[in-house]
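Visitor: Enclosed is the structure file my_file_16.pdb (PDB, C-alpha atoms, pLDDT in the B column).
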```pdb
ATOM      1  CA  MET A 546     -42.080   3.084 -17.997  1.00 54.00           C
ATOM      2  CA  LYS A 547     -39.658   5.899 -17.138  1.00 53.00           C
ATOM      3  CA  LYS A 548     -40.273   5.361 -13.455  1.00 52.00           C
ATOM      4  CA  THR A 549     -39.554   1.647 -13.812  1.00 55.00           C
ATOM      5  CA  SER A 550     -36.313   2.371 -15.696  1.00 55.00           C
ATOM      6  CA  PHE A 551     -35.282   4.844 -13.021  1.00 47.00           C
ATOM      7  CA  ILE A 552     -35.911   2.328 -10.253  1.00 49.00           C
ATOM      8  CA  VAL A 553     -33.966  -0.345 -12.125  1.00 43.00           C
ATOM      9  CA  SER A 554     -31.054   2.048 -12.695  1.00 49.00           C
ATOM     10  CA  VAL A 555     -30.943   3.128  -9.059  1.00 46.00           C
ATOM     11  CA  SER A 556     -31.234  -0.459  -7.858  1.00 48.00           C
ATOM     12  CA  THR A 557     -28.413  -1.537 -10.155  1.00 53.00           C
ATOM     13  CA  LEU A 558     -26.219   1.317  -8.970  1.00 51.00           C
ATOM     14  CA  LEU A 559     -26.865   0.501  -5.319  1.00 51.00           C
ATOM     15  CA  PHE A 560     -26.157  -3.157  -5.973  1.00 47.00           C
ATOM     16  CA  LEU A 561     -22.855  -2.334  -7.643  1.00 57.00           C
ATOM     17  CA  CYS A 562     -21.904   0.029  -4.822  1.00 59.00           C
ATOM     18  CA  ILE A 563     -22.479  -2.731  -2.289  1.00 65.00           C
ATOM     19  CA  LEU A 564     -20.842  -5.381  -4.439  1.00 68.00           C
ATOM     20  CA  LEU A 565     -17.648  -3.467  -5.249  1.00 65.00           C
ATOM     21  CA  PRO A 566     -16.014  -3.504  -1.778  1.00 64.00           C
ATOM     22  CA  ILE A 567     -17.000  -7.150  -1.319  1.00 69.00           C
ATOM     23  CA  CYS A 568     -15.448  -8.172  -4.646  1.00 72.00           C
ATOM     24  CA  ILE A 569     -12.248  -6.226  -3.946  1.00 70.00           C
ATOM     25  CA  TRP A 570     -11.991  -7.729  -0.465  1.00 70.00           C
ATOM     26  CA  ILE A 571     -12.557 -11.325  -1.661  1.00 69.00           C
ATOM     27  CA  ARG A 572     -10.173 -10.936  -4.599  1.00 69.00           C
ATOM     28  CA  GLY A 573      -7.496  -9.370  -2.415  1.00 63.00           C
ATOM     29  CA  LYS A 574      -7.776 -11.966   0.340  1.00 75.00           C
ATOM     30  CA  ASN A 575      -6.838 -14.659  -2.169  1.00 80.00           C
ATOM     31  CA  SER A 576      -3.542 -12.847  -2.838  1.00 87.00           C
ATOM     32  CA  ILE A 577      -2.479 -12.183   0.760  1.00 93.00           C
ATOM     33  CA  TYR A 578       0.103 -14.190   2.681  1.00 92.00           C
ATOM     34  CA  THR A 579       0.251 -14.183   6.464  1.00 91.00           C
ATOM     35  CA  ASN A 580       3.544 -16.012   6.917  1.00 89.00           C
ATOM     36  CA  VAL A 581       6.931 -14.791   5.730  1.00 88.00           C
ATOM     37  CA  GLU A 582       8.262 -18.299   5.179  1.00 85.00           C
ATOM     38  CA  THR A 583       5.457 -19.333   2.821  1.00 86.00           C
ATOM     39  CA  THR A 584       5.430 -16.131   0.770  1.00 89.00           C
ATOM     40  CA  HIS A 585       6.969 -16.359  -2.683  1.00 89.00           C
ATOM     41  CA  SER A 586      10.026 -14.257  -3.419  1.00 92.00           C
ATOM     42  CA  SER A 587       9.980 -10.963  -5.309  1.00 94.00           C
ATOM     43  CA  PRO A 588      12.610  -8.429  -6.373  1.00 94.00           C
ATOM     44  CA  VAL A 589      10.944  -5.633  -4.408  1.00 97.00           C
ATOM     45  CA  GLY A 590       8.880  -5.271  -1.268  1.00 98.00           C
ATOM     46  CA  ILE A 591       6.830  -2.077  -1.036  1.00 98.00           C
ATOM     47  CA  VAL A 592       6.117  -0.782   2.472  1.00 98.00           C
ATOM     48  CA  PHE A 593       3.285   1.746   2.682  1.00 98.00           C
ATOM     49  CA  GLY A 594       3.384   4.538   5.229  1.00 95.00           C
ATOM     50  CA  ALA A 595       1.047   4.405   8.224  1.00 94.00           C
ATOM     51  CA  GLY A 596       1.726   7.565  10.196  1.00 92.00           C
ATOM     52  CA  LEU A 597       4.177   8.822  12.803  1.00 95.00           C
ATOM     53  CA  THR A 598       3.753   9.483  16.510  1.00 93.00           C
ATOM     54  CA  LEU A 599       4.135  12.894  18.106  1.00 91.00           C
ATOM     55  CA  GLN A 600       7.691  11.831  18.964  1.00 93.00           C
ATOM     56  CA  ASN A 601       8.397  11.361  15.242  1.00 93.00           C
ATOM     57  CA  THR A 602       8.641   7.585  15.510  1.00 96.00           C
ATOM     58  CA  PRO A 603       6.676   4.944  13.555  1.00 97.00           C
ATOM     59  CA  SER A 604       3.114   4.325  14.663  1.00 95.00           C
ATOM     60  CA  ASP A 605       2.295   0.822  15.921  1.00 95.00           C
ATOM     61  CA  ALA A 606       0.923  -0.160  12.508  1.00 95.00           C
ATOM     62  CA  LEU A 607       3.938   1.256  10.686  1.00 97.00           C
ATOM     63  CA  MET A 608       6.404  -0.417  13.039  1.00 97.00           C
ATOM     64  CA  ASP A 609       4.724  -3.748  12.354  1.00 97.00           C
ATOM     65  CA  ARG A 610       5.056  -3.155   8.608  1.00 98.00           C
ATOM     66  CA  LEU A 611       8.762  -2.439   9.015  1.00 98.00           C
ATOM     67  CA  THR A 612       9.184  -5.499  11.242  1.00 98.00           C
ATOM     68  CA  ILE A 613       7.622  -7.764   8.635  1.00 97.00           C
ATOM     69  CA  ALA A 614       9.650  -6.128   5.849  1.00 97.00           C
ATOM     70  CA  SER A 615      12.883  -6.809   7.745  1.00 97.00           C
ATOM     71  CA  GLU A 616      11.912 -10.428   8.403  1.00 96.00           C
ATOM     72  CA  PHE A 617      11.041 -10.817   4.748  1.00 96.00           C
ATOM     73  CA  PHE A 618      14.383  -9.365   3.683  1.00 97.00           C
ATOM     74  CA  PHE A 619      16.458 -11.583   5.963  1.00 96.00           C
ATOM     75  CA  ALA A 620      14.464 -14.614   4.810  1.00 95.00           C
ATOM     76  CA  ASP A 621      15.901 -13.859   1.340  1.00 94.00           C
ATOM     77  CA  ARG A 622      12.444 -13.351  -0.144  1.00 94.00           C
ATOM     78  CA  ILE A 623      13.142  -9.806  -1.367  1.00 95.00           C
ATOM     79  CA  GLU A 624      16.271  -8.046  -2.567  1.00 95.00           C
ATOM     80  CA  ARG A 625      15.190  -4.437  -2.081  1.00 96.00           C
ATOM     81  CA  ILE A 626      12.703  -2.494   0.022  1.00 98.00           C
ATOM     82  CA  LEU A 627      10.845   0.566  -1.224  1.00 97.00           C
ATOM     83  CA  VAL A 628       9.487   2.644   1.663  1.00 97.00           C
ATOM     84  CA  SER A 629       6.823   5.078   0.550  1.00 97.00           C
ATOM     85  CA  GLY A 630       5.041   7.718   2.570  1.00 94.00           C
ATOM     86  CA  ASP A 631       4.176  11.342   3.153  1.00 91.00           C
ATOM     87  CA  ASN A 632       6.685  14.188   3.234  1.00 89.00           C
ATOM     88  CA  HIS A 633       4.512  17.109   2.176  1.00 82.00           C
ATOM     89  CA  ILE A 634       6.056  19.337   4.855  1.00 84.00           C
ATOM     90  CA  GLN A 635       9.647  19.398   6.091  1.00 82.00           C
ATOM     91  CA  GLU A 636       8.695  18.563   9.672  1.00 85.00           C
ATOM     92  CA  TYR A 637       6.852  15.381   8.666  1.00 91.00           C
ATOM     93  CA  ASN A 638       9.146  12.964   6.846  1.00 93.00           C
ATOM     94  CA  GLU A 639       7.517   9.573   7.023  1.00 95.00           C
ATOM     95  CA  PRO A 640       9.747   7.777   4.456  1.00 95.00           C
ATOM     96  CA  GLU A 641      12.952   8.966   6.105  1.00 95.00           C
ATOM     97  CA  VAL A 642      11.798   7.728   9.519  1.00 97.00           C
ATOM     98  CA  MET A 643      10.935   4.395   7.875  1.00 98.00           C
ATOM     99  CA  ARG A 644      14.334   4.216   6.188  1.00 97.00           C
ATOM    100  CA  GLN A 645      16.281   5.104   9.319  1.00 97.00           C
ATOM    101  CA  THR A 646      14.286   2.629  11.413  1.00 98.00           C
ATOM    102  CA  LEU A 647      15.077  -0.208   9.001  1.00 98.00           C
ATOM    103  CA  ILE A 648      18.769   0.704   9.082  1.00 98.00           C
ATOM    104  CA  GLU A 649      19.248   1.466  12.781  1.00 97.00           C
ATOM    105  CA  LEU A 650      16.778  -0.879  14.438  1.00 97.00           C
ATOM    106  CA  PHE A 651      16.642  -3.805  12.023  1.00 98.00           C
ATOM    107  CA  ASP A 652      20.143  -3.658  10.509  1.00 97.00           C
ATOM    108  CA  ILE A 653      18.930  -3.593   6.908  1.00 98.00           C
ATOM    109  CA  PRO A 654      21.798  -2.533   4.610  1.00 97.00           C
ATOM    110  CA  GLU A 655      21.347   1.050   3.533  1.00 95.00           C
ATOM    111  CA  GLU A 656      21.923   0.193  -0.117  1.00 95.00           C
ATOM    112  CA  ALA A 657      18.930  -2.186  -0.069  1.00 97.00           C
ATOM    113  CA  ILE A 658      16.454   0.544   0.946  1.00 97.00           C
ATOM    114  CA  PHE A 659      14.960   3.102  -1.406  1.00 93.00           C
ATOM    115  CA  ALA A 660      12.644   5.894  -0.318  1.00 94.00           C
ATOM    116  CA  ASP A 661       9.710   7.479  -2.105  1.00 94.00           C
ATOM    117  CA  TYR A 662       9.070  10.808  -0.418  1.00 93.00           C
ATOM    118  CA  ALA A 663       5.889  11.542  -2.375  1.00 92.00           C
ATOM    119  CA  GLY A 664       3.807   8.462  -1.617  1.00 93.00           C
ATOM    120  CA  ARG A 665       1.055  10.459   0.000  1.00 91.00           C
ATOM    121  CA  ARG A 666      -1.585   7.797  -0.541  1.00 94.00           C
ATOM    122  CA  THR A 667      -1.912   4.294  -1.937  1.00 97.00           C
ATOM    123  CA  TYR A 668      -2.572   5.477  -5.496  1.00 96.00           C
ATOM    124  CA  ASP A 669       0.525   7.686  -5.487  1.00 95.00           C
ATOM    125  CA  THR A 670       2.748   4.915  -4.141  1.00 97.00           C
ATOM    126  CA  CYS A 671       1.608   2.390  -6.759  1.00 97.00           C
ATOM    127  CA  ARG A 672       1.638   4.879  -9.626  1.00 96.00           C
ATOM    128  CA  ARG A 673       5.112   6.208  -8.854  1.00 95.00           C
ATOM    129  CA  ALA A 674       6.516   2.718  -8.206  1.00 96.00           C
ATOM    130  CA  HIS A 675       5.448   1.637 -11.682  1.00 95.00           C
ATOM    131  CA  ASP A 676       5.907   4.789 -13.732  1.00 93.00           C
ATOM    132  CA  LEU A 677       9.059   6.201 -12.161  1.00 89.00           C
ATOM    133  CA  TRP A 678      10.936   3.121 -10.993  1.00 90.00           C
ATOM    134  CA  GLY A 679       9.653   0.630 -13.533  1.00 92.00           C
ATOM    135  CA  ILE A 680       8.474  -1.869 -10.928  1.00 96.00           C
ATOM    136  CA  ASP A 681       6.155  -4.471 -12.442  1.00 95.00           C
ATOM    137  CA  HIS A 682       6.310  -7.191  -9.741  1.00 96.00           C
ATOM    138  CA  ALA A 683       6.189  -6.541  -5.995  1.00 97.00           C
ATOM    139  CA  ILE A 684       5.144  -7.808  -2.607  1.00 97.00           C
ATOM    140  CA  LEU A 685       3.025  -5.214  -0.829  1.00 98.00           C
ATOM    141  CA  ILE A 686       3.528  -5.017   2.933  1.00 98.00           C
ATOM    142  CA  SER A 687       0.697  -3.549   4.987  1.00 97.00           C
ATOM    143  CA  GLN A 688      -2.080  -4.513   7.385  1.00 96.00           C
ATOM    144  CA  GLY A 689      -4.679  -7.007   6.204  1.00 92.00           C
ATOM    145  CA  TYR A 690      -7.498  -4.480   6.058  1.00 91.00           C
ATOM    146  CA  HIS A 691      -5.511  -2.266   3.653  1.00 94.00           C
ATOM    147  CA  LEU A 692      -3.977  -4.912   1.402  1.00 95.00           C
ATOM    148  CA  PRO A 693      -7.011  -5.790  -0.787  1.00 94.00           C
ATOM    149  CA  ARG A 694      -7.279  -2.186  -1.990  1.00 95.00           C
ATOM    150  CA  ALA A 695      -3.504  -1.821  -2.293  1.00 96.00           C
ATOM    151  CA  ILE A 696      -3.226  -4.986  -4.393  1.00 96.00           C
ATOM    152  CA  TRP A 697      -6.132  -3.937  -6.615  1.00 95.00           C
ATOM    153  CA  THR A 698      -4.710  -0.452  -7.088  1.00 96.00           C
ATOM    154  CA  CYS A 699      -1.167  -1.569  -7.881  1.00 97.00           C
ATOM    155  CA  GLU A 700      -2.361  -4.240 -10.291  1.00 96.00           C
ATOM    156  CA  LYS A 701      -4.589  -1.770 -12.134  1.00 95.00           C
ATOM    157  CA  LEU A 702      -1.532   0.483 -12.461  1.00 96.00           C
ATOM    158  CA  GLY A 703       0.672  -2.240 -13.910  1.00 96.00           C
ATOM    159  CA  ILE A 704       2.311  -3.962 -10.926  1.00 97.00           C
ATOM    160  CA  GLU A 705       1.691  -7.677 -10.522  1.00 96.00           C
ATOM    161  CA  SER A 706       1.112  -7.792  -6.783  1.00 96.00           C
ATOM    162  CA  THR A 707       0.645 -10.052  -3.829  1.00 96.00           C
ATOM    163  CA  GLY A 708       0.358  -8.964  -0.231  1.00 96.00           C
ATOM    164  CA  LEU A 709       2.104  -9.846   2.995  1.00 96.00           C
ATOM    165  CA  SER A 710       0.059  -9.046   6.067  1.00 96.00           C
ATOM    166  CA  ALA A 711       1.712  -7.007   8.802  1.00 96.00           C
ATOM    167  CA  THR A 712      -1.178  -7.372  11.239  1.00 94.00           C
ATOM    168  CA  LEU A 713       0.732  -8.364  14.362  1.00 93.00           C
ATOM    169  CA  GLN A 714      -1.581  -6.932  17.022  1.00 92.00           C
ATOM    170  CA  PRO A 715      -4.940  -5.226  17.558  1.00 87.00           C
ATOM    171  CA  TYR A 716      -4.723  -1.536  16.679  1.00 84.00           C
ATOM    172  CA  LEU A 717      -6.397   1.320  18.513  1.00 77.00           C
ATOM    173  CA  LYS A 718      -7.948   2.707  15.314  1.00 75.00           C
ATOM    174  CA  GLU A 719      -8.410  -0.582  13.465  1.00 76.00           C
ATOM    175  CA  ILE A 720     -12.215  -0.482  13.337  1.00 80.00           C
ATOM    176  CA  PRO A 721     -12.363   3.131  12.035  1.00 81.00           C
ATOM    177  CA  TYR A 722      -9.679   2.253   9.488  1.00 76.00           C
ATOM    178  CA  LYS A 723     -11.688  -0.756   8.294  1.00 80.00           C
ATOM    179  CA  ILE A 724     -14.776   1.417   7.890  1.00 84.00           C
ATOM    180  CA  ARG A 725     -12.688   4.028   6.084  1.00 83.00           C
ATOM    181  CA  GLU A 726     -11.501   1.359   3.647  1.00 84.00           C
ATOM    182  CA  VAL A 727     -14.991   1.089   2.160  1.00 82.00           C
ATOM    183  CA  GLY A 728     -14.969   4.756   1.178  1.00 85.00           C
ATOM    184  CA  ALA A 729     -11.363   4.458   0.038  1.00 87.00           C
ATOM    185  CA  ILE A 730     -12.329   1.644  -2.347  1.00 85.00           C
ATOM    186  CA  TYR A 731     -14.962   3.863  -3.970  1.00 85.00           C
ATOM    187  CA  LYS A 732     -12.383   6.634  -4.304  1.00 89.00           C
ATOM    188  CA  ALA A 733      -9.908   4.193  -5.818  1.00 88.00           C
ATOM    189  CA  PHE A 734     -12.518   3.080  -8.359  1.00 86.00           C
ATOM    190  CA  ILE A 735     -12.999   6.693  -9.441  1.00 88.00           C
ATOM    191  CA  ASP A 736      -9.234   7.276  -9.627  1.00 90.00           C
ATOM    192  CA  LEU A 737      -8.587   4.133 -11.637  1.00 88.00           C
ATOM    193  CA  ASN A 738     -11.559   4.200 -13.977  1.00 86.00           C
ATOM    194  CA  LEU A 739     -13.124   7.649 -14.223  1.00 86.00           C
ATOM    195  CA  ILE A 740     -10.956  10.612 -13.232  1.00 90.00           C
ATOM    196  CA  GLU A 741      -7.187  10.197 -13.257  1.00 86.00           C
ATOM    197  CA  PRO A 742      -5.818  12.107 -10.251  1.00 87.00           C
ATOM    198  CA  SER A 743      -2.712  14.251 -10.304  1.00 80.00           C
ATOM    199  CA  TYR A 744       0.380  13.082  -8.463  1.00 83.00           C
ATOM    200  CA  ILE A 745       3.962  14.227  -8.013  1.00 81.00           C
ATOM    201  CA  GLU A 746       5.705  12.809 -11.060  1.00 75.00           C
ATOM    202  CA  GLY A 747       9.405  13.407 -10.622  1.00 68.00           C
ATOM    203  CA  ALA A 748      10.401  14.405  -7.102  1.00 56.00           C
ATOM    204  CA  PHE A 749      12.888  12.495  -4.984  1.00 53.00           C
ATOM    205  CA  ILE A 750      13.512   9.709  -7.478  1.00 46.00           C
ATOM    206  CA  GLN A 751      16.198   7.131  -6.751  1.00 47.00           C
ATOM    207  CA  ASP A 752      17.327   4.399  -9.130  1.00 44.00           C
ATOM    208  CA  LEU A 753      16.162   0.924  -8.108  1.00 46.00           C
ATOM    209  CA  ASP A 754      18.549  -0.898 -10.461  1.00 45.00           C
ATOM    210  CA  PRO A 755      20.927  -3.186  -8.550  1.00 40.00           C
TER     211      PRO A 755
END
```
Any chance you could put this one into structure tokens?

Guide:
Amino acid sequence: MKKTSFIVSVSTLLFLCILLPICIWIRGKNSIYTNVETTHSSPVGIVFGAGLTLQNTPSDALMDRLTIASEFFFADRIERILVSGDNHIQEYNEPEVMRQTLIELFDIPEEAIFADYAGRRTYDTCRRAHDLWGIDHAILISQGYHLPRAIWTCEKLGIESTGLSATLQPYLKEIPYKIREVGAIYKAFIDLNLIEPSYIEGAFIQDLDP
């Protein structure tokens, strides 16, 4: 009897582990737009960081996110852009590079861009956007493989979210990133349901009120 119960428990756990990423992916796909013109409007677009090159410029994936964000802004679908990324050391300032790129390359007005310098991962970006800036509705701008988890995370943290895909090209590390997403979904489940992670609560806050 005990052996049977153990087998049932293990089988159920394995089933749930397999089912979780599939459910998150299917649910997220239903909330992702691929065309700027057909995406509904929102007060804020959140652009997630995606790394810098050795020359301190946006990676290909990040540049595509910024490109889509600028198109979305000039299509009058969003009023403000929150760029969020890693700045854990002085020499690596992902949000500032994102902000400057939007201003200098895409001519986005400086007053329409707000930077979160402590968005070290998806959880941090969503948590800080909601708790510190009071954002409760947003369009999330990222690549398609990342958006299902980002939407799920932000919604669990109080932000009604839809996604706008910034997948404009094949990426060198796209397959490893897609594989990584499975593990990241499990980590997100733990963060959101079991063990609340720490995050930087008050650094680098700017007011998002118009």

Visitor: Mind dumping a table of every stretch 695-714 of chain A residue within 7 Å of stretch 677-688 of chain A, with the nearest atom pair and its distance in Å to one decimal, using only C-alpha atoms, sorted by chain and rising number, as JSON lines?

Guide:
```
{"residue": "A:Gly703", "atom": "CA", "partner": "A:Asp681", "partner_atom": "CA", "distance": 6.1}
{"residue": "A:Ile704", "atom": "CA", "partner": "A:Asp681", "partner_atom": "CA", "distance": 4.2}
{"residue": "A:Glu705", "atom": "CA", "partner": "A:His682", "partner_atom": "CA", "distance": 4.7}
{"residue": "A:Ser706", "atom": "CA", "partner": "A:Ala683", "partner_atom": "CA", "distance": 5.3}
{"residue": "A:Thr707", "atom": "CA", "partner": "A:Ile684", "partner_atom": "CA", "distance": 5.2}
{"residue": "A:Gly708", "atom": "CA", "partner": "A:Leu685", "partner_atom": "CA", "distance": 4.6}
{"residue": "A:Leu709", "atom": "CA", "partner": "A:Ile686", "partner_atom": "CA", "distance": 5.0}
{"residue": "A:Ser710", "atom": "CA", "partner": "A:Gln688", "partner_atom": "CA", "distance": 5.2}
{"residue": "A:Ala711", "atom": "CA", "partner": "A:Gln688", "partner_atom": "CA", "distance": 4.8}
{"residue": "A:Thr712", "atom": "CA", "partner": "A:Gln688", "partner_atom": "CA", "distance": 4.9}
```

Visitor: For C-alpha atoms, I'd like the residues from the last selection saved as an mmCIF file, keeping the file's coordinate frame.

Guide:
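The resulting out.cif:
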```cif
data_model
loop_
_atom_site.group_PDB
_atom_site.id
_atom_site.type_symbol
_atom_site.label_atom_id
_atom_site.label_comp_id
_atom_site.auth_asym_id
_atom_site.auth_seq_id
_atom_site.Cartn_x
_atom_site.Cartn_y
_atom_site.Cartn_z
ATOM 1 C CA GLY A 703 0.672 -2.240 -13.910
ATOM 2 C CA ILE A 704 2.311 -3.962 -10.926
ATOM 3 C CA GLU A 705 1.691 -7.677 -10.522
ATOM 4 C CA SER A 706 1.112 -7.792 -6.783
ATOM 5 C CA THR A 707 0.645 -10.052 -3.829
ATOM 6 C CA GLY A 708 0.358 -8.964 -0.231
ATOM 7 C CA LEU A 709 2.104 -9.846 2.995
ATOM 8 C CA SER A 710 0.059 -9.046 6.067
ATOM 9 C CA ALA A 711 1.712 -7.007 8.802
ATOM 10 C CA THR A 712 -1.178 -7.372 11.239
#
```

Visitor: A:Arg666: which residues within 8 Å, counting all atoms listed in the file, same-chain residues fewer than 3 positions away excluded, as an MDAnalysis selection string?

Guide: chainID A and resid 630:631 669:670

Visitor: Looking at only C-alpha atoms, which of A:Leu739, A:Ala695, A:Leu650, A:Val628 is the one that sits closest to A:Thr612?

Guide: A:Leu650

Visitor: To test your reading of the syntax: which residues would the PyMOL selection byres ((chain A and resi 613) around 12) return for the file shown? Reply as a tab-separated table (two decimals) with C-alpha atoms, in the coordinates of the input.

Guide:
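Dumped everything to part_25.tsv:
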```tsv
chain	number	residue	atom	x	y	z
A	578	TYR	CA	0.10	-14.19	2.68
A	579	THR	CA	0.25	-14.18	6.46
A	580	ASN	CA	3.54	-16.01	6.92
A	581	VAL	CA	6.93	-14.79	5.73
A	582	GLU	CA	8.26	-18.30	5.18
A	584	THR	CA	5.43	-16.13	0.77
A	590	GLY	CA	8.88	-5.27	-1.27
A	591	ILE	CA	6.83	-2.08	-1.04
A	592	VAL	CA	6.12	-0.78	2.47
A	606	ALA	CA	0.92	-0.16	12.51
A	607	LEU	CA	3.94	1.26	10.69
A	608	MET	CA	6.40	-0.42	13.04
A	609	ASP	CA	4.72	-3.75	12.35
A	610	ARG	CA	5.06	-3.16	8.61
A	611	LEU	CA	8.76	-2.44	9.02
A	612	THR	CA	9.18	-5.50	11.24
A	614	ALA	CA	9.65	-6.13	5.85
A	615	SER	CA	12.88	-6.81	7.74
A	616	GLU	CA	11.91	-10.43	8.40
A	617	PHE	CA	11.04	-10.82	4.75
A	618	PHE	CA	14.38	-9.36	3.68
A	619	PHE	CA	16.46	-11.58	5.96
A	620	ALA	CA	14.46	-14.61	4.81
A	622	ARG	CA	12.44	-13.35	-0.14
A	623	ILE	CA	13.14	-9.81	-1.37
A	626	ILE	CA	12.70	-2.49	0.02
A	647	LEU	CA	15.08	-0.21	9.00
A	651	PHE	CA	16.64	-3.80	12.02
A	684	ILE	CA	5.14	-7.81	-2.61
A	685	LEU	CA	3.02	-5.21	-0.83
A	686	ILE	CA	3.53	-5.02	2.93
A	687	SER	CA	0.70	-3.55	4.99
A	688	GLN	CA	-2.08	-4.51	7.38
A	708	GLY	CA	0.36	-8.96	-0.23
A	709	LEU	CA	2.10	-9.85	3.00
A	710	SER	CA	0.06	-9.05	6.07
A	711	ALA	CA	1.71	-7.01	8.80
A	712	THR	CA	-1.18	-7.37	11.24
A	713	LEU	CA	0.73	-8.36	14.36
```

Visitor: Would you mind telling me which residue in A:Ala674, A:Ile696, A:Leu599, A:Val642 lies nearest to A:Ile745 when using all atoms listed in the file?

Guide: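 Using all atoms listed in the file, the shortest distance to A:Ile745 belongs to A:Ala674.
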
Visitor: Residues within 10 Å of A:Arg694, please, as a PyMOL selection string. Count only C-alpha atoms; anything in the same chain fewer than 2 positions from it doesn't count.

Guide: chain A and resi 566+569-570+572-573+667-668+689-692+696-700+726-727+729-731+733-734

Visitor: A:Tyr744: which residues within 9 Å, counting only C-alpha atoms, same-chain residues fewer than 5 positions away excluded, as a PyMOL selection string?

Guide: chain A and resi 663-665+668-669+672-673

Visitor: Measure the distance from atom CA of A:Ser604 to atom CA of A:Lys718 in Å and round it to one decimal.

Guide: 11.2 Å

Visitor: For the file shown, what are the residues hit by the PyMOL selection byres ((chain A and resi 641) around 12), laid out as number ranges by chain?

Guide: A: 594, 597, 601-603, 627-632, 635-640, 642-649, 655, 658-664, 749

Visitor: Print the selection's residues with C-alpha atoms to a file, as a short mmCIF file (atom, residue, chain, number, x, y, z; two decimals), keeping the file's coordinate frame.

Guide:
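To be explicit, this is the file written out as selection-v5.cif:
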```
data_model
loop_
_atom_site.label_atom_id
_atom_site.label_comp_id
_atom_site.auth_asym_id
_atom_site.auth_seq_id
_atom_site.Cartn_x
_atom_site.Cartn_y
_atom_site.Cartn_z
CA GLY A 594 3.38 4.54 5.23
CA LEU A 597 4.18 8.82 12.80
CA ASN A 601 8.40 11.36 15.24
CA THR A 602 8.64 7.58 15.51
CA PRO A 603 6.68 4.94 13.56
CA LEU A 627 10.84 0.57 -1.22
CA VAL A 628 9.49 2.64 1.66
CA SER A 629 6.82 5.08 0.55
CA GLY A 630 5.04 7.72 2.57
CA ASP A 631 4.18 11.34 3.15
CA ASN A 632 6.68 14.19 3.23
CA GLN A 635 9.65 19.40 6.09
CA GLU A 636 8.70 18.56 9.67
CA TYR A 637 6.85 15.38 8.67
CA ASN A 638 9.15 12.96 6.85
CA GLU A 639 7.52 9.57 7.02
CA PRO A 640 9.75 7.78 4.46
CA VAL A 642 11.80 7.73 9.52
CA MET A 643 10.94 4.39 7.88
CA ARG A 644 14.33 4.22 6.19
CA GLN A 645 16.28 5.10 9.32
CA THR A 646 14.29 2.63 11.41
CA LEU A 647 15.08 -0.21 9.00
CA ILE A 648 18.77 0.70 9.08
CA GLU A 649 19.25 1.47 12.78
CA GLU A 655 21.35 1.05 3.53
CA ILE A 658 16.45 0.54 0.95
CA PHE A 659 14.96 3.10 -1.41
CA ALA A 660 12.64 5.89 -0.32
CA ASP A 661 9.71 7.48 -2.10
CA TYR A 662 9.07 10.81 -0.42
CA ALA A 663 5.89 11.54 -2.38
CA GLY A 664 3.81 8.46 -1.62
CA PHE A 749 12.89 12.50 -4.98
#
```

Visitor: Atom CA of A:Leu702 to atom CA of A:Cys671: how many Å, to one decimal?

Guide: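 According to the coordinates, atom CA of A:Leu702 and atom CA of A:Cys671 are separated by 6.8 Å.
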
Visitor: Figure out the distance between atom CA of A:Asp736 and atom CA of A:His633, please, to one decimal in Å.

Guide: 20.6 Å
